[in-house]
Amino acid sequence: MENFAKKVKTFDAFPKVDPQHQVRSERGGFTTLVTYLFGLLIIWIEVGGYIGGYVDRQFIVDDKIHSDLTINVDMIVGMPCQFLHTNVEDITQDRYLAGETLNFEGIHFFVPPTFRINNPNDFHETTDLDEVMQESLRAEYRAEGARVNEAAPACHIFGSIPVTQVRGDFRITGKGFGYRDRSHVPFEALNFSHVIQEFSFGEFYPFLNNPLDATGKITEEKLQSYMYYAKVVPTLYEQLGLEVDTNQYSLTESQYVIQIDEATQKPVGVPGIYFRYDFEPIKLVIREKRIPFFQFVAKLGTIGGGILIAAGYLFKLYEKLLVILFGKKYVEKGTEKKQGGLLDNEVDQKRDE
């Protein structure tokens, strides 16, 4: 058995130091204590990271065309509802009268105090996963196609418009401008000042932020035209098995005043508010992940071993610097050789005699 133990010992990748070659010191004890505390801190951080997981972002090809997609709108336009015409037209020339599903409520025009007015809406960042999960309360508009007090000075337009997931645009114009209509809005009644509370694509999550939310434009021009261009990216959020399938979009915009032809005294163009959108052929997937448990254990073992090895080398370097700066006697002061060697046993026997 002893021979077997000796043979195994020769293959030990980390041979142990014999007790007679070990030395105790205050500096060594302090270094050991600091190393253990630092190791516990690292383990605590790694365990917290494992429990909290990490956020993984990936782009995949979106090979699905959703025919039941909706545009969610909640805005106020500074002219009476009875003068407004709304419709949607996509790239296939398919038109949909948005007024059949949208609700029109006559009110007085006002600007909420927190809204951004006449500012360029060219900045948008992807919402954090935790924020989406906290604010992902799905809702629906209670009414559809309602018309109330249409002669009021301003019009509150809200509701959801069913569209196909292809390029298109949603238009808000005056009656008689751009489309044949029984009535024609006089120039002096046109006013396309507007504030937008909600403009989003897909399922209606009223508490998720979008680039056009809480924005607006105010103008005194009668023939004003506003153009909003949205690049829509389908986005899937996933956390602990819960999924929020929504859409986010980037935005650019332009605006101009339409001129009047001097010969015909008619505007060269159609004033109004235009929302042009296009869907990207990719999908952003944002999900929370955790590394496998055995991989986590192996990672902890690797980190622990690395800390011990690094601490050993740093302590040796520190001891050598002390020898160079203060001499060997200073370094050996306060040290205590550990008992257990053969010579120590002989010395103890002589003292006992």
# chains A, B, ... in the order shown; residues from 1 in each chain; ligands from 1

call {"tool": "residues_around", "arguments": {"residues": "range 137-153 of chain A", "least_positions_apart": "3", "cutoff": "7 Å", "atoms": "only C-alpha atoms", "output": "ChimeraX atom specification"}}
result
/A:78-82,99-109,159,204-206

call {"tool": "closest_atom_pairs", "arguments": {"of": "range 242-305 of chain A", "to": "range 175-179 of chain A", "cutoff": "8 Å", "atoms": "only C-alpha atoms", "output": "CSV"}}
result
residue,atom,partner,partner_atom,distance
A:Gly269,CA,A:Gly178,CA,8.0
A:Val270,CA,A:Gly178,CA,5.8
A:Pro271,CA,A:Phe177,CA,7.5

call {"tool": "closest_residue", "arguments": {"among": "A:Phe199, A:Gly306, A:Asp56, A:Ser136", "to": "Thr246 in chain A", "atoms": "only C-alpha atoms"}}
result
A:Ser136

call {"tool": "residues_around", "arguments": {"residues": "Lys231 in chain A", "least_positions_apart": "5", "cutoff": "6 Å", "atoms": "only C-alpha atoms", "output": "PDB file with N, CA, C and O atoms, in the first residue's frame"}}
result
ATOM      1  N   TYR A 249     -39.962  51.117 -33.970  1.00  0.00           N
ATOM      2  CA  TYR A 249     -39.653  51.761 -35.248  1.00  0.00           C
ATOM      3  C   TYR A 249     -38.754  52.965 -35.035  1.00  0.00           C
ATOM      4  O   TYR A 249     -38.766  53.620 -33.992  1.00  0.00           O
ATOM      5  N   SER A 250     -37.946  53.211 -36.061  1.00  0.00           N
ATOM      6  CA  SER A 250     -37.159  54.436 -36.116  1.00  0.00           C
ATOM      7  C   SER A 250     -37.920  55.432 -36.980  1.00  0.00           C
ATOM      8  O   SER A 250     -38.755  55.057 -37.812  1.00  0.00           O
ATOM      9  N   TYR A 277     -44.948  54.062 -43.611  1.00  0.00           N
ATOM     10  CA  TYR A 277     -44.271  53.018 -42.844  1.00  0.00           C
ATOM     11  C   TYR A 277     -43.804  51.904 -43.764  1.00  0.00           C
ATOM     12  O   TYR A 277     -44.377  51.652 -44.828  1.00  0.00           O
ATOM     13  N   ASP A 278     -42.745  51.258 -43.346  1.00  0.00           N
ATOM     14  CA  ASP A 278     -42.195  50.133 -44.090  1.00  0.00           C
ATOM     15  C   ASP A 278     -41.639  49.131 -43.077  1.00  0.00           C
ATOM     16  O   ASP A 278     -41.007  49.530 -42.098  1.00  0.00           O
TER      17      ASP A 278
END

call {"tool": "atom_distance", "arguments": {"atom1": "CA of Arg167 in chain A", "atom2": "CA of Asp213 in chain A"}}
result
21.3 Å

call {"tool": "residues_around", "arguments": {"residues": "Met133 in chain A", "least_positions_apart": "4", "cutoff": "10 Å", "atoms": "only C-alpha atoms", "output": "PyMOL selection string"}}
result
chain A and resi 128-129+137+208+237-239+242-244

call {"tool": "write_last_selection", "arguments": {"atoms": "all heavy atoms", "output": "PDB file, in the first residue's frame"}}
result
ATOM      1  N   ASP A 128     -35.498  48.648 -22.625  1.00  0.00           N
ATOM      2  CA  ASP A 128     -34.904  47.559 -21.864  1.00  0.00           C
ATOM      3  C   ASP A 128     -35.913  46.439 -21.631  1.00  0.00           C
ATOM      4  O   ASP A 128     -37.128  46.671 -21.551  1.00  0.00           O
ATOM      5  CB  ASP A 128     -34.383  48.063 -20.516  1.00  0.00           C
ATOM      6  CG  ASP A 128     -33.191  48.996 -20.673  1.00  0.00           C
ATOM      7  OD1 ASP A 128     -32.493  48.894 -21.693  1.00  0.00           O
ATOM      8  OD2 ASP A 128     -32.983  49.822 -19.767  1.00  0.00           O
ATOM      9  N   LEU A 129     -35.381  45.225 -21.486  1.00  0.00           N
ATOM     10  CA  LEU A 129     -36.232  44.051 -21.300  1.00  0.00           C
ATOM     11  C   LEU A 129     -37.062  44.159 -20.030  1.00  0.00           C
ATOM     12  O   LEU A 129     -38.274  43.900 -20.044  1.00  0.00           O
ATOM     13  CB  LEU A 129     -35.357  42.792 -21.270  1.00  0.00           C
ATOM     14  CG  LEU A 129     -36.077  41.464 -21.016  1.00  0.00           C
ATOM     15  CD1 LEU A 129     -37.072  41.176 -22.128  1.00  0.00           C
ATOM     16  CD2 LEU A 129     -35.073  40.323 -20.911  1.00  0.00           C
ATOM     17  N   LEU A 137     -48.737  45.952 -20.440  1.00  0.00           N
ATOM     18  CA  LEU A 137     -50.153  45.761 -20.155  1.00  0.00           C
ATOM     19  C   LEU A 137     -50.929  45.964 -21.451  1.00  0.00           C
ATOM     20  O   LEU A 137     -51.021  47.074 -21.974  1.00  0.00           O
ATOM     21  CB  LEU A 137     -50.621  46.754 -19.088  1.00  0.00           C
ATOM     22  CG  LEU A 137     -52.102  46.672 -18.698  1.00  0.00           C
ATOM     23  CD1 LEU A 137     -52.422  45.296 -18.111  1.00  0.00           C
ATOM     24  CD2 LEU A 137     -52.466  47.777 -17.712  1.00  0.00           C
ATOM     25  N   LEU A 208     -45.904  51.368 -23.273  1.00  0.00           N
ATOM     26  CA  LEU A 208     -44.605  51.271 -23.915  1.00  0.00           C
ATOM     27  C   LEU A 208     -44.333  52.543 -24.709  1.00  0.00           C
ATOM     28  O   LEU A 208     -45.208  53.057 -25.401  1.00  0.00           O
ATOM     29  CB  LEU A 208     -44.552  50.053 -24.843  1.00  0.00           C
ATOM     30  CG  LEU A 208     -44.665  48.680 -24.167  1.00  0.00           C
ATOM     31  CD1 LEU A 208     -44.507  47.573 -25.200  1.00  0.00           C
ATOM     32  CD2 LEU A 208     -43.631  48.519 -23.063  1.00  0.00           C
ATOM     33  N   TYR A 237     -39.737  40.188 -27.093  1.00  0.00           N
ATOM     34  CA  TYR A 237     -39.116  40.204 -25.771  1.00  0.00           C
ATOM     35  C   TYR A 237     -39.516  38.919 -25.052  1.00  0.00           C
ATOM     36  O   TYR A 237     -40.691  38.544 -25.050  1.00  0.00           O
ATOM     37  CB  TYR A 237     -39.573  41.414 -24.956  1.00  0.00           C
ATOM     38  CG  TYR A 237     -39.113  42.748 -25.499  1.00  0.00           C
ATOM     39  CD1 TYR A 237     -39.886  43.465 -26.409  1.00  0.00           C
ATOM     40  CD2 TYR A 237     -37.909  43.311 -25.083  1.00  0.00           C
ATOM     41  CE1 TYR A 237     -39.468  44.695 -26.891  1.00  0.00           C
ATOM     42  CE2 TYR A 237     -37.484  44.540 -25.559  1.00  0.00           C
ATOM     43  CZ  TYR A 237     -38.266  45.227 -26.464  1.00  0.00           C
ATOM     44  OH  TYR A 237     -37.854  46.443 -26.939  1.00  0.00           O
ATOM     45  N   GLU A 238     -38.541  38.268 -24.424  1.00  0.00           N
ATOM     46  CA  GLU A 238     -38.829  37.013 -23.721  1.00  0.00           C
ATOM     47  C   GLU A 238     -38.061  36.984 -22.408  1.00  0.00           C
ATOM     48  O   GLU A 238     -36.850  37.202 -22.368  1.00  0.00           O
ATOM     49  CB  GLU A 238     -38.423  35.818 -24.583  1.00  0.00           C
ATOM     50  CG  GLU A 238     -38.756  34.469 -23.961  1.00  0.00           C
ATOM     51  CD  GLU A 238     -38.403  33.312 -24.871  1.00  0.00           C
ATOM     52  OE1 GLU A 238     -38.168  33.547 -26.068  1.00  0.00           O
ATOM     53  OE2 GLU A 238     -38.360  32.170 -24.369  1.00  0.00           O
ATOM     54  N   GLN A 239     -38.775  36.694 -21.320  1.00  0.00           N
ATOM     55  CA  GLN A 239     -38.168  36.626 -19.990  1.00  0.00           C
ATOM     56  C   GLN A 239     -38.922  35.606 -19.154  1.00  0.00           C
ATOM     57  O   GLN A 239     -40.137  35.717 -18.967  1.00  0.00           O
ATOM     58  CB  GLN A 239     -38.199  37.996 -19.303  1.00  0.00           C
ATOM     59  CG  GLN A 239     -37.501  38.036 -17.958  1.00  0.00           C
ATOM     60  CD  GLN A 239     -37.569  39.409 -17.317  1.00  0.00           C
ATOM     61  OE1 GLN A 239     -38.645  39.991 -17.210  1.00  0.00           O
ATOM     62  NE2 GLN A 239     -36.431  39.931 -16.902  1.00  0.00           N
ATOM     63  N   LEU A 242     -42.155  34.263 -20.397  1.00  0.00           N
ATOM     64  CA  LEU A 242     -43.155  35.245 -20.806  1.00  0.00           C
ATOM     65  C   LEU A 242     -42.682  35.957 -22.064  1.00  0.00           C
ATOM     66  O   LEU A 242     -41.513  36.340 -22.170  1.00  0.00           O
ATOM     67  CB  LEU A 242     -43.400  36.260 -19.682  1.00  0.00           C
ATOM     68  CG  LEU A 242     -43.906  35.692 -18.356  1.00  0.00           C
ATOM     69  CD1 LEU A 242     -44.029  36.808 -17.320  1.00  0.00           C
ATOM     70  CD2 LEU A 242     -45.250  34.997 -18.543  1.00  0.00           C
ATOM     71  N   GLU A 243     -43.586  36.154 -23.016  1.00  0.00           N
ATOM     72  CA  GLU A 243     -43.236  36.776 -24.282  1.00  0.00           C
ATOM     73  C   GLU A 243     -44.086  38.017 -24.538  1.00  0.00           C
ATOM     74  O   GLU A 243     -45.286  38.023 -24.230  1.00  0.00           O
ATOM     75  CB  GLU A 243     -43.424  35.795 -25.446  1.00  0.00           C
ATOM     76  CG  GLU A 243     -42.461  34.611 -25.422  1.00  0.00           C
ATOM     77  CD  GLU A 243     -42.605  33.734 -26.639  1.00  0.00           C
ATOM     78  OE1 GLU A 243     -43.541  33.989 -27.451  1.00  0.00           O
ATOM     79  OE2 GLU A 243     -41.820  32.791 -26.804  1.00  0.00           O
ATOM     80  N   VAL A 244     -43.447  39.051 -25.080  1.00  0.00           N
ATOM     81  CA  VAL A 244     -44.139  40.248 -25.544  1.00  0.00           C
ATOM     82  C   VAL A 244     -43.731  40.452 -26.995  1.00  0.00           C
ATOM     83  O   VAL A 244     -42.592  40.815 -27.287  1.00  0.00           O
ATOM     84  CB  VAL A 244     -43.768  41.476 -24.693  1.00  0.00           C
ATOM     85  CG1 VAL A 244     -44.430  42.730 -25.265  1.00  0.00           C
ATOM     86  CG2 VAL A 244     -44.196  41.275 -23.248  1.00  0.00           C
TER      87      VAL A 244
END

call {"tool": "select_by_dssp", "arguments": {"residues": "range 132-257 of chain A", "states": "alpha helix (DSSP H)", "output": "number ranges by chain"}}
result
A: 132-135

call {"tool": "write_last_selection", "arguments": {"atoms": "N, CA, C and O atoms", "output": "PDB file, in the first residue's frame"}}
result
ATOM      1  N   VAL A 132     -39.908  46.666 -20.423  1.00  0.00           N
ATOM      2  CA  VAL A 132     -40.996  46.147 -21.265  1.00  0.00           C
ATOM      3  C   VAL A 132     -41.873  45.195 -20.464  1.00  0.00           C
ATOM      4  O   VAL A 132     -43.110  45.250 -20.532  1.00  0.00           O
ATOM      5  N   MET A 133     -41.254  44.305 -19.691  1.00  0.00           N
ATOM      6  CA  MET A 133     -42.037  43.340 -18.916  1.00  0.00           C
ATOM      7  C   MET A 133     -42.882  44.029 -17.842  1.00  0.00           C
ATOM      8  O   MET A 133     -43.979  43.583 -17.531  1.00  0.00           O
ATOM      9  N   GLN A 134     -42.392  45.122 -17.304  1.00  0.00           N
ATOM     10  CA  GLN A 134     -43.148  45.844 -16.286  1.00  0.00           C
ATOM     11  C   GLN A 134     -44.319  46.626 -16.889  1.00  0.00           C
ATOM     12  O   GLN A 134     -45.362  46.787 -16.253  1.00  0.00           O
ATOM     13  N   GLU A 135     -44.123  47.128 -18.124  1.00  0.00           N
ATOM     14  CA  GLU A 135     -45.123  48.004 -18.723  1.00  0.00           C
ATOM     15  C   GLU A 135     -45.970  47.313 -19.796  1.00  0.00           C
ATOM     16  O   GLU A 135     -46.738  47.971 -20.491  1.00  0.00           O
TER      17      GLU A 135
END

call {"tool": "atom_distance", "arguments": {"atom1": "CA of Tyr228 in chain A", "atom2": "CA of Phe275 in chain A"}}
result
4.8 Å

call {"tool": "select_by_dssp", "arguments": {"residues": "range 35-254 of chain A", "states": "strand (DSSP E or B)", "output": "ChimeraX atom specification"}}
result
/A:54-61,69-77,84-90,95-96,103-107,116-117,147-148,154-163,168-174,194-201,215-217,224-239,242-254

call {"tool": "residues_around", "arguments": {"residues": "Gly49 in chain A", "least_positions_apart": "5", "cutoff": "12 Å", "atoms": "only C-alpha atoms", "output": "list in words"}}
result
Ile42, Ile43, Trp44, Tyr54, Val55, Glu288, Lys289, Arg290, Ile291, Phe296 and Leu300 of chain A

call {"tool": "residues_around", "arguments": {"residues": "Glu198 in chain A", "least_positions_apart": "4", "cutoff": "8 Å", "atoms": "only C-alpha atoms", "output": "list in words"}}
result
Asn72, Val73, Asp74, Met75, Pro206, Asn210, Leu212, Asp213 and Ala214 of chain A

call {"tool": "atom_distance", "arguments": {"atom1": "CA of Asn119 in chain A", "atom2": "CA of Val88 in chain A"}}
result
25.8 Å

call {"tool": "closest_residue", "arguments": {"among": "A:Ile218, A:Leu40, A:Ile91, A:Val47", "to": "Val77 in chain A", "atoms": "only C-alpha atoms"}}
result
A:Ile218

call {"tool": "closest_residue", "arguments": {"among": "A:Ala98, A:Ile76, A:Val163, A:Leu322", "to": "Val195 in chain A", "atoms": "only C-alpha atoms"}}
result
A:Ile76

call {"tool": "closest_residue", "arguments": {"among": "A:Asp63, A:Ile51, A:Glu125, A:Gly168", "to": "Phe293 in chain A", "atoms": "only C-alpha atoms"}}
result
A:Ile51

call {"tool": "decode", "arguments": {"residues": "range 65-217 of chain A", "atoms": "C-alpha atoms", "output": "compact mmCIF listing (two decimals), in the first residue's frame"}}
result
# COMPACT_ATOMS: atom_id res chain seq x y z
CA ILE A 65 -46.45 38.17 -43.08
CA HIS A 66 -49.09 39.19 -40.56
CA SER A 67 -52.36 40.14 -42.19
CA ASP A 68 -53.94 41.11 -38.87
CA LEU A 69 -51.44 43.78 -37.86
CA THR A 70 -52.88 47.02 -36.47
CA ILE A 71 -51.84 50.66 -36.30
CA ASN A 72 -52.78 52.16 -32.94
CA VAL A 73 -53.55 55.89 -33.05
CA ASP A 74 -54.45 58.44 -30.38
CA MET A 75 -54.04 62.06 -31.45
CA ILE A 76 -55.71 65.46 -31.65
CA VAL A 77 -55.93 67.46 -34.88
CA GLY A 78 -56.69 71.18 -34.74
CA MET A 79 -59.74 71.18 -37.06
CA PRO A 80 -63.31 69.84 -36.81
CA CYS A 81 -63.90 66.12 -37.30
CA GLN A 82 -66.47 66.80 -39.99
CA PHE A 83 -63.72 68.26 -42.20
CA LEU A 84 -61.27 65.35 -41.88
CA HIS A 85 -60.72 62.43 -44.22
CA THR A 86 -58.63 59.40 -43.13
CA ASN A 87 -57.55 56.37 -45.12
CA VAL A 88 -54.76 53.80 -45.48
CA GLU A 89 -53.18 52.70 -48.74
CA ASP A 90 -50.46 50.05 -49.04
CA ILE A 91 -48.00 49.13 -51.79
CA THR A 92 -50.56 46.83 -53.46
CA GLN A 93 -52.86 49.83 -54.00
CA ASP A 94 -55.26 48.34 -51.50
CA ARG A 95 -57.16 51.14 -49.73
CA TYR A 96 -58.89 51.01 -46.41
CA LEU A 97 -61.15 53.73 -45.08
CA ALA A 98 -59.66 54.19 -41.63
CA GLY A 99 -62.68 56.26 -40.59
CA GLU A 100 -64.73 53.07 -40.39
CA THR A 101 -62.76 51.79 -37.38
CA LEU A 102 -61.29 54.99 -35.90
CA ASN A 103 -63.24 57.05 -33.38
CA PHE A 104 -63.75 60.79 -33.91
CA GLU A 105 -64.55 62.91 -30.88
CA GLY A 106 -64.94 66.67 -31.15
CA ILE A 107 -63.05 68.60 -28.45
CA HIS A 108 -61.14 71.84 -27.97
CA PHE A 109 -57.52 71.75 -29.09
CA PHE A 110 -54.96 71.72 -26.27
CA VAL A 111 -51.32 70.77 -25.76
CA PRO A 112 -50.46 68.66 -22.67
CA PRO A 113 -47.60 70.24 -20.68
CA THR A 114 -45.18 67.31 -21.02
CA PHE A 115 -45.42 66.99 -24.81
CA ARG A 116 -42.47 67.80 -27.09
CA ILE A 117 -43.75 70.35 -29.60
CA ASN A 118 -42.05 71.20 -32.93
CA ASN A 119 -38.97 69.17 -32.02
CA PRO A 120 -37.33 66.78 -34.49
CA ASN A 121 -38.30 63.20 -33.62
CA ASP A 122 -35.14 61.51 -34.88
CA PHE A 123 -33.96 59.66 -31.77
CA HIS A 124 -35.12 56.33 -30.42
CA GLU A 125 -33.47 53.61 -28.34
CA THR A 126 -34.57 50.05 -27.78
CA THR A 127 -36.55 49.68 -24.57
CA ASP A 128 -34.90 47.56 -21.86
CA LEU A 129 -36.23 44.05 -21.30
CA ASP A 130 -37.18 44.65 -17.65
CA GLU A 131 -39.01 47.87 -18.53
CA VAL A 132 -41.00 46.15 -21.26
CA MET A 133 -42.04 43.34 -18.92
CA GLN A 134 -43.15 45.84 -16.29
CA GLU A 135 -45.12 48.00 -18.72
CA SER A 136 -46.50 45.29 -21.04
CA LEU A 137 -50.15 45.76 -20.16
CA ARG A 138 -52.18 44.95 -23.25
CA ALA A 139 -55.29 47.05 -23.96
CA GLU A 140 -57.95 47.62 -26.59
CA TYR A 141 -60.05 50.62 -27.49
CA ARG A 142 -63.58 50.19 -26.17
CA ALA A 143 -65.29 51.94 -29.09
CA GLU A 144 -64.96 51.53 -32.85
CA GLY A 145 -66.23 53.88 -35.55
CA ALA A 146 -67.86 56.29 -33.05
CA ARG A 147 -68.44 59.92 -34.02
CA VAL A 148 -69.25 62.45 -31.34
CA ASN A 149 -69.59 66.25 -31.53
CA GLU A 150 -68.00 66.50 -34.96
CA ALA A 151 -68.52 70.27 -35.24
CA ALA A 152 -66.19 71.06 -32.30
CA PRO A 153 -63.05 73.15 -33.06
CA ALA A 154 -60.67 70.17 -32.85
CA CYS A 155 -60.88 66.42 -33.36
CA HIS A 156 -59.69 63.64 -31.08
CA ILE A 157 -58.88 60.64 -33.30
CA PHE A 158 -58.23 57.31 -31.59
CA GLY A 159 -58.52 53.61 -32.34
CA SER A 160 -56.83 50.75 -34.18
CA ILE A 161 -56.59 50.30 -37.95
CA PRO A 162 -56.15 46.76 -39.37
CA VAL A 163 -53.40 46.65 -42.01
CA THR A 164 -51.18 44.13 -43.77
CA GLN A 165 -47.49 43.93 -42.92
CA VAL A 166 -46.33 45.61 -46.13
CA ARG A 167 -45.26 49.13 -47.01
CA GLY A 168 -48.05 51.70 -46.87
CA ASP A 169 -49.16 55.03 -45.50
CA PHE A 170 -51.86 56.40 -43.24
CA ARG A 171 -53.21 59.79 -44.35
CA ILE A 172 -55.16 62.52 -42.62
CA THR A 173 -56.33 65.17 -45.08
CA GLY A 174 -59.11 67.70 -45.49
CA LYS A 175 -62.24 66.63 -47.35
CA GLY A 176 -62.06 67.54 -51.00
CA PHE A 177 -58.25 67.56 -51.06
CA GLY A 178 -56.74 64.61 -52.91
CA TYR A 179 -59.98 62.61 -52.93
CA ARG A 180 -63.42 63.18 -54.35
CA ASP A 181 -65.88 64.07 -51.64
CA ARG A 182 -69.32 65.58 -51.34
CA SER A 183 -67.95 68.47 -49.33
CA HIS A 184 -64.88 70.63 -49.74
CA VAL A 185 -63.09 72.24 -46.83
CA PRO A 186 -62.36 75.96 -47.40
CA PHE A 187 -58.74 77.06 -47.13
CA GLU A 188 -59.35 79.20 -44.09
CA ALA A 189 -60.68 76.16 -42.14
CA LEU A 190 -57.57 74.04 -42.66
CA ASN A 191 -55.38 73.55 -39.62
CA PHE A 192 -53.12 70.51 -39.36
CA SER A 193 -51.64 71.34 -35.99
CA HIS A 194 -51.64 68.10 -34.02
CA VAL A 195 -50.46 66.35 -30.88
CA ILE A 196 -49.86 62.59 -30.73
CA GLN A 197 -50.44 60.58 -27.58
CA GLU A 198 -49.98 57.15 -29.17
CA PHE A 199 -48.73 55.85 -32.49
CA SER A 200 -47.61 52.22 -32.54
CA PHE A 201 -47.78 49.03 -34.58
CA GLY A 202 -49.05 45.60 -33.56
CA GLU A 203 -50.77 44.75 -30.29
CA PHE A 204 -51.68 47.83 -28.27
CA TYR A 205 -49.44 48.29 -25.22
CA PRO A 206 -50.31 51.83 -24.06
CA PHE A 207 -47.46 52.15 -21.55
CA LEU A 208 -44.61 51.27 -23.92
CA ASN A 209 -42.75 54.29 -25.30
CA ASN A 210 -42.64 54.95 -29.04
CA PRO A 211 -40.84 57.73 -30.97
CA LEU A 212 -44.05 59.63 -31.77
CA ASP A 213 -45.63 59.34 -28.33
CA ALA A 214 -46.08 62.66 -26.51
CA THR A 215 -45.05 64.77 -29.51
CA GLY A 216 -46.76 67.40 -31.62
CA LYS A 217 -46.57 70.10 -34.27
